[in-house]
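Chemist: Handing you this structure, nothing more for now.
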Amino acid sequence: MTEKDKIYIAALLHDIGKFIERGKNESWKEEAYKYVLNKQASKGYAHRRYSSIFIEKYLNDKEFISDYNPISELVLHHHNDNPSEVENYLSIDERGLLQQIVRMADDLASSERIKDESLDPDKYYLVNLESPFNDIVFKDENNNEKKIKNKQYLAPAKLGLSGNEQFPKNEKKSDNDDNLYQSTNLVEDFLNEIENIESENALLSLMEKYLSQVPAQTPTEFNGEKHLYKPDLNLYDHSRAVAAIAVTLYDEFENGAYKKLKNNIVTKNKKYIEQLSNIGNPAILICGNVNGIQDFIFDVKSSKAAKSLKGRSYFVQLVTEVISKLIIDKFGLKEANILYNGGGNFFILAPNYRKADIQEIQKFVAEKLRDTNLYLSLGVTEVSFDDFENFGDAFDRAVKASNEAKKKKFKGIEFDKVFSPFPQRLKGEGKYNKLAEALQLATNYYIGPDNKNEVNRPEWEKLFRELDYQVSLRPNVDIDKQGLVYNDLNFTSQYSSFRLAVKDLPLWTNDKLNGFENIVKTKKLSSEEFKIINDEKPNQEQPIKIISFKRLAQYAYFENGTEKLGVLKMDIDNLGKIFKDGLQKPTIGRVAFLSRSLKWFFEGYMNTLLTSNEFKDRIYPIFSGGDDFFVVGAWNKIFEFSFKVRNEFRRFVSEHPGITLSASLLVIDETFPVKQYARLAEERLEEAKNRRDIKTNKKIKDAISVFDTVLSWDDFKEAKILKSKIVKIIRLTNGNRAIIQKILNSSKGFATIQKEALFTKVIKMYKVWRLNYYLRDLVNYSKENKEEIKMLTKNIIEQYEELFFEAFKGNNTSIQIFPVAARWAELGTRNNLGDK
């Protein structure tokens with residue numbers, strides 16, 4: 001076990017006692033107090049004693065920790081003792097460089113904590129963690145301040161996918177003095193699972209499972225008075241940040257510019273900052289981006305799309321994961337140094353002296369990626385000690401550096417390897433189809449050093465073998481405990497870790513095939529297009545049969561009479577601004593907390609939404625990760641899914657007015673070219689993000705583009721309500737759909753009329769009268785429903801008039817909900833199959 005290993009584990013576990021101490025177990029209290037009785041440590045900062053006894057009790061027989069005593073000592077003394085309470089007192093500085101590094105890393109990760117006088121320090125274990133969105137404040141393009149109205153909190157709980165515990169609530173502390181660390185067995189369950197841990201990465205993952213909603217703050221005493229810091233940072237993200245910084249500092253002292261000061265650092269009053277800053281910055285932040293993703297994923301034939309799109313998108317995910325692992329392996333870093341990995345990009349904290357090695361890695365990876373049409377851009381920025389207090393700036397600089405590197409994607413590669421003639425590149429759809437199928441069978445996967453002796457490797461793994469890595473998707477239990485299990489937090493008995501991923505597709509089973517054929521038979525659909533073919537039936541040799549886009553469109557036809565696909569792309573607005581300007585205290589831990597939370601929503605909770613009864617087997621997720629997603633499915637389900645995701649996201653971010661989603665929604669034929677609808681979805685999403693305030697003409701985003709019309713989400717909701725009224729009138733008039741064309745005819749030129757009304761103060765009232773005129777005869781289509789039809793048409797006309805005058809006053813509302821609702825109703829009432 002190297003010194004670096006020891007300092008990594010010590011930094012990772014230095015505050016684990018804060019979690020165990022919250023369990024208020026008398027036996028633990030007595031054991032932790034032995035350090036005081038033996039005069040090994042003073043009474044203050046009790047958590048360090050709990051951390052030390054935890055290491056002694058639970059890590060003493062772990063193979064990956066060959067010597068636990070130095071780790072226990074580093075943890076026990078990461079705060080200075082009271083000299084009068086211990087024998088043979090040594091300050092942190094007197095204990096040597098490793099102890100100093102743990103102290104420095106903890107300082108840098110804990111910058112700018114704020115006292116909260118409203119909390120009772122003696123009952124700190126009842127305090128809930130603040131949502132990471134509580135303190136995000138920034139100004140939009142209209143100079144309006146965006147901040148949360150009502151703060152929300154996360155109670156201590158295990159990480160999960162259901163959202164029951166991961167969504168913030170109003171309770172600032174536990175009700176009725178209920179210690180959830182005891183009553184839910186949170187501490188006890190953690191200690192039981194630690195017995196199964198056999199590696200550093202397994203330990204890190206178990207900490208994520210249990211500590212993601214545990215506040216990192218505990219009481220601190222000043223001048224004889226106890227205070228409690230604001231609980232705005234969780235123990236997991238704080239601990240991994242400390243570990244990443246500690247490893248980085250250690251390497252810089254061993255191999256970098258700080259080597260000459262190894263034995264002359266003073267940590268008291270943070271004097272090390274001035275000492276080391278005079279020599280240079282301690283770290284670099286690497287931002288890696290895989291470019292060309294859109295063209296790579298969507299350059300497929302429509303007829304084969306369901307088989308290859310997922311394979312291609314997951315291949316990109318594997319590329320970013322392998323490259324980030326390659327970097328930390330080459331640099332001798334740890335998993336915690338990967339601060340973020342998702343959505344085709346990653347961030348790694350590394351020692352400053354490694355800056356000179358980045359170009360060589362860029363060149364090596366670029367040469368291997370050349371035949372895929374994917375490209376890697378590595379951006380690097382130096383990180384100063386001050387940057388740890390405002391890590392959002394460092395993130396922003398690293399992103400900009402990566403964007404600049406995109407312009408030089410072949411830098412350093414020999415001329416002939418880029419511009420010389422090369423054999424025609426085949427798309428190789430077969431290998432991506434195989435990857436998609438293997439992914440559906442896989443329960444876990446493994447990434448590690450390439451095994452050159454292993455034969456019969458899949459074709460899709462070729463790139464990773466060239467990067468000297470092996471990637472195995474495994475359908476069975478991982479017998480060697482090296483694999484990462486997909487979407488299962490109960491991993492410790494059989495796996496080394498877990499990975500949240502939106503991987504599962506709509507698949508045929510015999511029961512689903514029988515159900516499909518029964519619908520066809522019941523509805524007396526004789527067309528050959530509805531007949532299931534042998535290639536769709538799973539068998540022993542080919543157990544994975546993905547439901548094709550054509551069948552998803554047909555499911556929509558069964559439910560509403562229109563055989564169409566829906567395409568939905570969504571992503572977060574103002575994300576760069578949120579990280580750079582929004583976080584009030586953007587330390588490395590808080591930035592990590594926010595980014596991981598958003599990642600959980602798109603890579604974890606999205607699975608819960610997609611597999612719910614409402615959407616299961618009707619939606620195909622092409623990708624979901626980082627801050628966005630792209631799905632295709634039965635058009636009617638896609639409309640409902642857009643509302644579901646938006647509503648759940650708003651709930652997740654505590655209705656923060658500045659953290660919003662924009663989206664594009666298309667309705668297409670299943671034969672429409674994939675590359676075309678991917679491009680259209682991107683263009684329409686940009687239109688939604690460019691939604692303008694009608695008075696100031698500045699961007700307000702938070703919108704959806706549907707039927708080539710940009711609406712606010714509130715207007716889209718109104719369009720849904722209006723659609724339901726139109727559908728009801730059609731049913732009351734025995735299927736007569738004349739109302740649809742009447743609304744469409746009266747809606748022509750709405751956008752122009754709205755602008756004219758605002759800027760010329762002239763309202764074209766004939767538009768209102770025209771709709772009234774068009775709808776007047778609907779009551780004659782059904783004598784028995786005459787009064788109800790009359791009431792509904794009156795309601796529609798009144799809504800029309802109200803919106804017209806709101807638009808005239810310059811409010812950000814849209815009369816365009818009428819043509820949108822009409823077209824929506826048209827799709828849902830094509831025949832007598834019904835509407836949903």
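Labels used: A, B, ... for chains in the order of the structure tokens, numbers from 1 for residues in each chain, and numbers from 1 for ligands as shown.
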Which of range 321-556 of chain A counts as strand (DSSP E) under DSSP, as a PyMOL selection string please?
Modeler: chain A and resi 338-342+345-351+375-383+444-449+469-474+484-486+497-499
Chemist: Hey, what's within 12 Å of range 93-99 of chain A if we count only C-alpha atoms and toss same-chain stuff fewer than 3 positions away? As a PDB file with N, CA and C atoms, in the first residue's frame, please?
Modeler:
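And here is the file that came out, around.pdb:
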```
ATOM      1  N   THR A   2       0.766   2.072  -1.010  1.00  0.00           N
ATOM      2  CA  THR A   2       1.626   3.235  -1.147  1.00  0.00           C
ATOM      3  C   THR A   2       1.174   4.373  -0.237  1.00  0.00           C
ATOM      4  N   GLU A   3       2.038   5.377  -0.101  1.00  0.00           N
ATOM      5  CA  GLU A   3       1.662   6.570   0.660  1.00  0.00           C
ATOM      6  C   GLU A   3       0.450   7.243   0.030  1.00  0.00           C
ATOM      7  N   LYS A   4       0.421   7.252  -1.307  1.00  0.00           N
ATOM      8  CA  LYS A   4      -0.713   7.881  -1.993  1.00  0.00           C
ATOM      9  C   LYS A   4      -2.012   7.142  -1.669  1.00  0.00           C
ATOM     10  N   ASP A   5      -1.967   5.816  -1.634  1.00  0.00           N
ATOM     11  CA  ASP A   5      -3.148   5.031  -1.271  1.00  0.00           C
ATOM     12  C   ASP A   5      -3.620   5.391   0.138  1.00  0.00           C
ATOM     13  N   LYS A   6      -2.658   5.520   1.047  1.00  0.00           N
ATOM     14  CA  LYS A   6      -3.009   5.830   2.441  1.00  0.00           C
ATOM     15  C   LYS A   6      -3.651   7.208   2.565  1.00  0.00           C
ATOM     16  N   ILE A   7      -3.058   8.167   1.879  1.00  0.00           N
ATOM     17  CA  ILE A   7      -3.604   9.517   2.003  1.00  0.00           C
ATOM     18  C   ILE A   7      -4.972   9.614   1.329  1.00  0.00           C
ATOM     19  N   TYR A   8      -5.171   8.825   0.268  1.00  0.00           N
ATOM     20  CA  TYR A   8      -6.467   8.816  -0.421  1.00  0.00           C
ATOM     21  C   TYR A   8      -7.567   8.269   0.484  1.00  0.00           C
ATOM     22  N   ILE A   9      -7.306   7.113   1.102  1.00  0.00           N
ATOM     23  CA  ILE A   9      -8.312   6.505   1.983  1.00  0.00           C
ATOM     24  C   ILE A   9      -8.556   7.389   3.204  1.00  0.00           C
ATOM     25  N   ALA A  10      -7.486   7.963   3.743  1.00  0.00           N
ATOM     26  CA  ALA A  10      -7.640   8.839   4.910  1.00  0.00           C
ATOM     27  C   ALA A  10      -8.480  10.058   4.567  1.00  0.00           C
ATOM     28  N   ALA A  11      -8.214  10.668   3.422  1.00  0.00           N
ATOM     29  CA  ALA A  11      -8.984  11.843   3.007  1.00  0.00           C
ATOM     30  C   ALA A  11     -10.433  11.468   2.741  1.00  0.00           C
ATOM     31  N   HIS A  14     -12.016  10.800   6.308  1.00  0.00           N
ATOM     32  CA  HIS A  14     -11.663  11.665   7.444  1.00  0.00           C
ATOM     33  C   HIS A  14     -12.898  12.127   8.217  1.00  0.00           C
ATOM     34  N   PRO A  70      -1.644   3.770   9.933  1.00  0.00           N
ATOM     35  CA  PRO A  70      -1.335   5.140   9.491  1.00  0.00           C
ATOM     36  C   PRO A  70      -2.572   5.901   9.031  1.00  0.00           C
ATOM     37  N   ILE A  71      -3.516   5.184   8.430  1.00  0.00           N
ATOM     38  CA  ILE A  71      -4.753   5.837   7.979  1.00  0.00           C
ATOM     39  C   ILE A  71      -5.548   6.304   9.183  1.00  0.00           C
ATOM     40  N   SER A  72      -5.647   5.439  10.177  1.00  0.00           N
ATOM     41  CA  SER A  72      -6.368   5.793  11.401  1.00  0.00           C
ATOM     42  C   SER A  72      -5.741   7.009  12.073  1.00  0.00           C
ATOM     43  N   GLU A  73      -4.423   7.071  12.083  1.00  0.00           N
ATOM     44  CA  GLU A  73      -3.720   8.205  12.682  1.00  0.00           C
ATOM     45  C   GLU A  73      -3.971   9.494  11.895  1.00  0.00           C
ATOM     46  N   LEU A  74      -3.925   9.417  10.574  1.00  0.00           N
ATOM     47  CA  LEU A  74      -4.168  10.606   9.743  1.00  0.00           C
ATOM     48  C   LEU A  74      -5.573  11.158   9.971  1.00  0.00           C
ATOM     49  N   VAL A  75      -6.525  10.259  10.127  1.00  0.00           N
ATOM     50  CA  VAL A  75      -7.913  10.664  10.351  1.00  0.00           C
ATOM     51  C   VAL A  75      -8.080  11.263  11.749  1.00  0.00           C
ATOM     52  N   LEU A  76      -7.466  10.619  12.738  1.00  0.00           N
ATOM     53  CA  LEU A  76      -7.615  11.047  14.134  1.00  0.00           C
ATOM     54  C   LEU A  76      -7.053  12.445  14.358  1.00  0.00           C
ATOM     55  N   HIS A  77      -6.050  12.813  13.598  1.00  0.00           N
ATOM     56  CA  HIS A  77      -5.355  14.076  13.870  1.00  0.00           C
ATOM     57  C   HIS A  77      -5.482  15.083  12.729  1.00  0.00           C
ATOM     58  N   HIS A  78      -6.557  14.983  11.953  1.00  0.00           N
ATOM     59  CA  HIS A  78      -6.693  15.968  10.866  1.00  0.00           C
ATOM     60  C   HIS A  78      -7.171  17.328  11.394  1.00  0.00           C
ATOM     61  N   HIS A  79      -7.527  17.404  12.668  1.00  0.00           N
ATOM     62  CA  HIS A  79      -7.687  18.674  13.391  1.00  0.00           C
ATOM     63  C   HIS A  79      -6.660  18.682  14.524  1.00  0.00           C
ATOM     64  N   ASN A  80      -6.137  19.843  14.838  1.00  0.00           N
ATOM     65  CA  ASN A  80      -5.172  19.945  15.939  1.00  0.00           C
ATOM     66  C   ASN A  80      -5.827  19.626  17.279  1.00  0.00           C
ATOM     67  N   ASP A  81      -5.101  18.947  18.136  1.00  0.00           N
ATOM     68  CA  ASP A  81      -5.578  18.643  19.489  1.00  0.00           C
ATOM     69  C   ASP A  81      -5.360  19.849  20.406  1.00  0.00           C
ATOM     70  N   ASN A  88       2.339  13.802  24.777  1.00  0.00           N
ATOM     71  CA  ASN A  88       3.222  13.843  23.605  1.00  0.00           C
ATOM     72  C   ASN A  88       2.558  14.588  22.441  1.00  0.00           C
ATOM     73  N   TYR A  89       2.079  15.772  22.761  1.00  0.00           N
ATOM     74  CA  TYR A  89       1.375  16.567  21.757  1.00  0.00           C
ATOM     75  C   TYR A  89       2.254  16.871  20.547  1.00  0.00           C
ATOM     76  N   LEU A  90       1.673  16.693  19.384  1.00  0.00           N
ATOM     77  CA  LEU A  90       2.293  17.091  18.119  1.00  0.00           C
ATOM     78  C   LEU A  90       1.270  17.869  17.305  1.00  0.00           C
ATOM     79  N   VAL A 102      -3.726  16.276   4.230  1.00  0.00           N
ATOM     80  CA  VAL A 102      -5.134  16.015   4.592  1.00  0.00           C
ATOM     81  C   VAL A 102      -5.771  17.290   5.139  1.00  0.00           C
ATOM     82  N   ARG A 103      -5.027  18.012   5.981  1.00  0.00           N
ATOM     83  CA  ARG A 103      -5.552  19.267   6.536  1.00  0.00           C
ATOM     84  C   ARG A 103      -5.772  20.305   5.438  1.00  0.00           C
ATOM     85  N   MET A 104      -4.809  20.445   4.543  1.00  0.00           N
ATOM     86  CA  MET A 104      -4.931  21.407   3.455  1.00  0.00           C
ATOM     87  C   MET A 104      -6.123  21.063   2.557  1.00  0.00           C
ATOM     88  N   ALA A 105      -6.252  19.798   2.213  1.00  0.00           N
ATOM     89  CA  ALA A 105      -7.345  19.372   1.327  1.00  0.00           C
ATOM     90  C   ALA A 105      -8.695  19.645   1.967  1.00  0.00           C
ATOM     91  N   ASP A 106      -8.803  19.376   3.265  1.00  0.00           N
ATOM     92  CA  ASP A 106     -10.056  19.634   3.981  1.00  0.00           C
ATOM     93  C   ASP A 106     -10.369  21.133   3.995  1.00  0.00           C
ATOM     94  N   ALA A 246      -6.463  15.930  -2.078  1.00  0.00           N
ATOM     95  CA  ALA A 246      -5.334  15.348  -1.347  1.00  0.00           C
ATOM     96  C   ALA A 246      -4.397  14.593  -2.289  1.00  0.00           C
ATOM     97  N   VAL A 247      -4.956  13.796  -3.161  1.00  0.00           N
ATOM     98  CA  VAL A 247      -4.140  13.044  -4.122  1.00  0.00           C
ATOM     99  C   VAL A 247      -3.402  14.006  -5.050  1.00  0.00           C
ATOM    100  N   LEU A 249      -2.516  17.191  -4.447  1.00  0.00           N
ATOM    101  CA  LEU A 249      -1.448  17.857  -3.699  1.00  0.00           C
ATOM    102  C   LEU A 249      -0.274  16.918  -3.442  1.00  0.00           C
ATOM    103  N   TYR A 250      -0.598  15.677  -3.084  1.00  0.00           N
ATOM    104  CA  TYR A 250       0.470  14.705  -2.823  1.00  0.00           C
ATOM    105  C   TYR A 250       1.378  14.558  -4.045  1.00  0.00           C
ATOM    106  N   ASP A 251       0.780  14.396  -5.213  1.00  0.00           N
ATOM    107  CA  ASP A 251       1.575  14.229  -6.433  1.00  0.00           C
ATOM    108  C   ASP A 251       2.376  15.483  -6.763  1.00  0.00           C
ATOM    109  N   PHE A 253       3.555  17.595  -4.603  1.00  0.00           N
ATOM    110  CA  PHE A 253       4.681  17.628  -3.666  1.00  0.00           C
ATOM    111  C   PHE A 253       5.746  16.584  -4.032  1.00  0.00           C
ATOM    112  N   GLU A 254       5.326  15.441  -4.532  1.00  0.00           N
ATOM    113  CA  GLU A 254       6.264  14.370  -4.846  1.00  0.00           C
ATOM    114  C   GLU A 254       6.991  14.605  -6.169  1.00  0.00           C
ATOM    115  N   TYR A 258       6.226  21.753  -6.035  1.00  0.00           N
ATOM    116  CA  TYR A 258       6.265  21.888  -4.579  1.00  0.00           C
ATOM    117  C   TYR A 258       7.292  20.969  -3.921  1.00  0.00           C
ATOM    118  N   LYS A 259       7.979  20.178  -4.714  1.00  0.00           N
ATOM    119  CA  LYS A 259       8.884  19.165  -4.162  1.00  0.00           C
ATOM    120  C   LYS A 259       9.919  19.764  -3.224  1.00  0.00           C
ATOM    121  N   LEU A 261       9.642  22.183  -1.258  1.00  0.00           N
ATOM    122  CA  LEU A 261       9.106  22.694   0.007  1.00  0.00           C
ATOM    123  C   LEU A 261       8.451  21.602   0.852  1.00  0.00           C
ATOM    124  N   LYS A 262       8.725  20.349   0.548  1.00  0.00           N
ATOM    125  CA  LYS A 262       8.059  19.238   1.227  1.00  0.00           C
ATOM    126  C   LYS A 262       8.164  19.319   2.749  1.00  0.00           C
ATOM    127  N   ASN A 263       9.277  19.776   3.246  1.00  0.00           N
ATOM    128  CA  ASN A 263       9.506  19.752   4.701  1.00  0.00           C
ATOM    129  C   ASN A 263       9.429  21.125   5.336  1.00  0.00           C
ATOM    130  N   ASN A 264       8.878  22.090   4.610  1.00  0.00           N
ATOM    131  CA  ASN A 264       8.881  23.463   5.134  1.00  0.00           C
ATOM    132  C   ASN A 264       7.522  24.155   5.033  1.00  0.00           C
ATOM    133  N   ILE A 265       6.449  23.392   5.080  1.00  0.00           N
ATOM    134  CA  ILE A 265       5.109  23.968   4.945  1.00  0.00           C
ATOM    135  C   ILE A 265       4.518  24.244   6.323  1.00  0.00           C
ATOM    136  N   VAL A 266       3.840  25.377   6.453  1.00  0.00           N
ATOM    137  CA  VAL A 266       3.125  25.734   7.682  1.00  0.00           C
ATOM    138  C   VAL A 266       1.636  25.805   7.356  1.00  0.00           C
ATOM    139  N   THR A 267       0.828  24.977   8.012  1.00  0.00           N
ATOM    140  CA  THR A 267      -0.610  24.948   7.725  1.00  0.00           C
ATOM    141  C   THR A 267      -1.404  25.893   8.620  1.00  0.00           C
ATOM    142  N   LYS A 268      -0.831  26.299   9.756  1.00  0.00           N
ATOM    143  CA  LYS A 268      -1.566  27.144  10.699  1.00  0.00           C
ATOM    144  C   LYS A 268      -2.023  28.424  10.024  1.00  0.00           C
ATOM    145  N   ASN A 269      -3.306  28.758  10.242  1.00  0.00           N
ATOM    146  CA  ASN A 269      -3.900  29.962   9.644  1.00  0.00           C
ATOM    147  C   ASN A 269      -3.779  29.981   8.116  1.00  0.00           C
ATOM    148  N   LYS A 270      -3.708  28.782   7.546  1.00  0.00           N
ATOM    149  CA  LYS A 270      -3.648  28.623   6.086  1.00  0.00           C
ATOM    150  C   LYS A 270      -2.451  29.348   5.467  1.00  0.00           C
ATOM    151  N   LYS A 271      -1.333  29.359   6.194  1.00  0.00           N
ATOM    152  CA  LYS A 271      -0.140  30.028   5.677  1.00  0.00           C
ATOM    153  C   LYS A 271       0.428  29.315   4.448  1.00  0.00           C
ATOM    154  N   TYR A 272       0.058  28.029   4.268  1.00  0.00           N
ATOM    155  CA  TYR A 272       0.563  27.271   3.120  1.00  0.00           C
ATOM    156  C   TYR A 272       0.131  27.891   1.791  1.00  0.00           C
TER     157      TYR A 272
END
```
Chemist: Please report the interatomic distance between CA of Asp67 in chain A and CA of Asn255 in chain A in Å with one decimal.
Modeler: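 Separating CA of Asp67 in chain A from CA of Asn255 in chain A is a distance of 24.1 Å.
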Chemist: Write out as number ranges by chain the residues lying within 12 Å of Arg397 in chain A, counting only C-alpha atoms and excluding same-chain residues fewer than 3 positions away.
Modeler: A: 284-287, 347, 379-383, 387, 390-394, 400-404, 576, 579-580
Chemist: For Lys173 in chain A, which of A:Asp571, A:Pro231, A:Asn192, A:Glu145 is the closest residue, counting only C-alpha atoms?
Modeler: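 Checking each of A:Asp571, A:Pro231, A:Asn192, A:Glu145 against Lys173 in chain A, counting only C-alpha atoms, the winner is A:Pro231.
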Chemist: May I have the residues within 12 Å of Ile721 in chain A as a PyMOL selection string, using only C-alpha atoms and disregarding those fewer than 2 positions away in the same chain?
Modeler: chain A and resi 714-719+723-728+792+795-796+799+817-818+820-822+824-825
Chemist: Go ahead and dump the residues you just picked, C-alpha atoms, as a PDB file, in the first residue's frame.
Modeler:
```pdb
ATOM      1  CA  ASP A 714     -47.903  27.167 -19.415  1.00  0.00           C
ATOM      2  CA  ASP A 715     -49.294  27.825 -22.900  1.00  0.00           C
ATOM      3  CA  PHE A 716     -48.577  24.241 -23.903  1.00  0.00           C
ATOM      4  CA  LYS A 717     -50.586  23.113 -20.898  1.00  0.00           C
ATOM      5  CA  GLU A 718     -53.435  25.416 -21.979  1.00  0.00           C
ATOM      6  CA  ALA A 719     -53.194  23.939 -25.472  1.00  0.00           C
ATOM      7  CA  LYS A 723     -57.381  20.115 -27.230  1.00  0.00           C
ATOM      8  CA  SER A 724     -59.515  18.113 -24.797  1.00  0.00           C
ATOM      9  CA  LYS A 725     -62.424  20.524 -25.332  1.00  0.00           C
ATOM     10  CA  ILE A 726     -62.107  20.205 -29.097  1.00  0.00           C
ATOM     11  CA  VAL A 727     -62.008  16.410 -28.856  1.00  0.00           C
ATOM     12  CA  LYS A 728     -65.096  16.445 -26.655  1.00  0.00           C
ATOM     13  CA  LEU A 792     -68.115  24.327 -24.843  1.00  0.00           C
ATOM     14  CA  ASN A 795     -66.013  28.648 -23.447  1.00  0.00           C
ATOM     15  CA  ILE A 796     -63.574  28.320 -26.360  1.00  0.00           C
ATOM     16  CA  GLN A 799     -60.733  31.894 -23.995  1.00  0.00           C
ATOM     17  CA  ILE A 817     -52.291  27.590 -28.595  1.00  0.00           C
ATOM     18  CA  PHE A 818     -55.382  27.438 -30.825  1.00  0.00           C
ATOM     19  CA  VAL A 820     -51.525  23.804 -31.808  1.00  0.00           C
ATOM     20  CA  ALA A 821     -54.571  22.416 -29.983  1.00  0.00           C
ATOM     21  CA  ALA A 822     -56.424  21.952 -33.274  1.00  0.00           C
ATOM     22  CA  TRP A 824     -53.177  17.949 -31.701  1.00  0.00           C
ATOM     23  CA  ALA A 825     -56.894  17.111 -31.702  1.00  0.00           C
TER      24      ALA A 825
END
```
Chemist: Show me a table, sorted first by chain and then by increasing residue number, of the residues of range 272-374 of chain A having an atom at most 10 Å from range 526-548 of chain A, each with its shortest atom pair and the distance in Å to one decimal, counting only C-alpha atoms and written as a tab-separated table.
Modeler:
```
residue	atom	partner	partner_atom	distance
A:Ser302	CA	A:Ser548	CA	10.0
A:Ser303	CA	A:Ser548	CA	8.4
A:Lys304	CA	A:Ser548	CA	8.3
A:Ala305	CA	A:Ser548	CA	8.0
A:Ala306	CA	A:Ser548	CA	5.5
A:Lys307	CA	A:Ile546	CA	6.7
```
Chemist: How many Å separate CA of Leu37 in chain A from CA of Asp189 in chain A?
Modeler: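 Taking CA of Leu37 in chain A as the start and CA of Asp189 in chain A as the end point, the length is 29.1 Å.
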Chemist: For CA of Leu59 in chain A and CA of Thr492 in chain A, determine how far apart the two atoms are, in Å to one decimal place.
Modeler: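 Pair CA of Leu59 in chain A / CA of Thr492 in chain A returns 15.2 Å.
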Chemist: Please identify all polymer residues within 10 Å of range 316-323 of chain A, counting only C-alpha atoms, omitting same-chain residues fewer than 6 positions from it, and present them as an MDAnalysis selection string.
Modeler: chainID A and resid 288:293 296:297 310 329 338 341:346 361:362 365 369 374 376 447:448 461 463:464 467:471 501 623 625
Chemist: Those residues with C-alpha atoms, as a short mmCIF file (atom, residue, chain, number, x, y, z; two decimals), in the first residue's frame please?
Modeler:
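The result, stored in selection-v1.cif:
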```cif
data_model
loop_
_atom_site.label_atom_id
_atom_site.label_comp_id
_atom_site.auth_asym_id
_atom_site.auth_seq_id
_atom_site.Cartn_x
_atom_site.Cartn_y
_atom_site.Cartn_z
CA GLY A 288 -12.78 16.42 -21.96
CA ASN A 289 -15.41 16.58 -24.69
CA VAL A 290 -16.23 13.93 -27.26
CA ASN A 291 -17.24 15.81 -30.41
CA GLY A 292 -19.17 14.72 -33.49
CA ILE A 293 -21.72 12.87 -31.36
CA PHE A 296 -22.15 9.70 -35.24
CA ILE A 297 -25.34 8.60 -33.47
CA LYS A 310 -28.90 2.78 -28.81
CA ASP A 329 -4.56 5.58 -14.90
CA ILE A 338 -13.02 12.26 -11.92
CA ASN A 341 -18.51 12.14 -16.29
CA GLY A 342 -21.72 12.33 -18.30
CA GLY A 343 -23.35 13.56 -21.49
CA GLY A 344 -20.18 13.10 -23.58
CA ASN A 345 -17.89 15.15 -21.34
CA PHE A 346 -15.85 14.78 -18.17
CA ILE A 361 -2.85 11.99 -24.48
CA GLN A 362 -4.88 14.13 -26.89
CA VAL A 365 -6.64 9.20 -28.37
CA LEU A 369 -10.69 7.72 -32.72
CA LEU A 374 -15.59 11.04 -33.20
CA LEU A 376 -11.74 14.33 -28.41
CA ILE A 447 -13.73 -1.88 -17.75
CA GLY A 448 -10.11 -2.74 -17.07
CA GLU A 461 -14.72 -3.38 -28.62
CA LEU A 463 -11.42 0.87 -30.29
CA PHE A 464 -11.13 0.12 -26.59
CA LEU A 467 -6.66 2.13 -26.15
CA ASP A 468 -5.39 -0.88 -24.11
CA TYR A 469 -8.67 -1.48 -22.29
CA GLN A 470 -11.14 -4.30 -22.11
CA VAL A 471 -14.87 -3.56 -21.99
CA ALA A 501 -27.70 4.39 -17.02
CA PHE A 623 -29.75 8.87 -24.92
CA GLY A 625 -27.43 11.83 -19.48
#
```
Chemist: Using only C-alpha atoms, which residue out of A:Glu640, A:Asp511, A:Asp232, A:Asp480 lies closest to Glu130 in chain A?
Modeler: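 So, comparing all the options, the nearest one is A:Asp232.
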Chemist: Taking the backbone alone, and naming residues the way the document does, which bits of range 284-484 of chain A are alpha helix (DSSP H) by DSSP, as a ChimeraX atom specification?
Modeler: /A:293-298,305-331,358-369,391-405,415-419,429-441,462-466
Chemist: If we count only C-alpha atoms and set the cut-off at 12 Å, which residues sit around Tyr446 in chain A, ignoring sequence neighbours fewer than 4 positions away in its own chain? Please answer as JSON, numbers by chain.
Modeler: {"A": [318, 321, 322, 442, 450, 469, 470, 471, 472, 473, 474, 475, 476, 477, 478, 479, 480, 481, 482, 483, 484, 485, 486, 495, 496, 497, 498, 499]}
Chemist: Would you list the contacts of Asp178 in chain A as a list of chain:residue names, taking every protein, DNA or RNA residue within 12 Å and counting only C-alpha atoms, but skipping same-chain residues closer than 6 positions in sequence?
Modeler: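 What passes the distance filter is A:Arg22, A:Gly23, A:Lys24, A:Lys123, A:Tyr124, A:Tyr125, A:Leu126, A:Val127, A:Asn128, A:Ala155, A:Pro156, A:Thr184.
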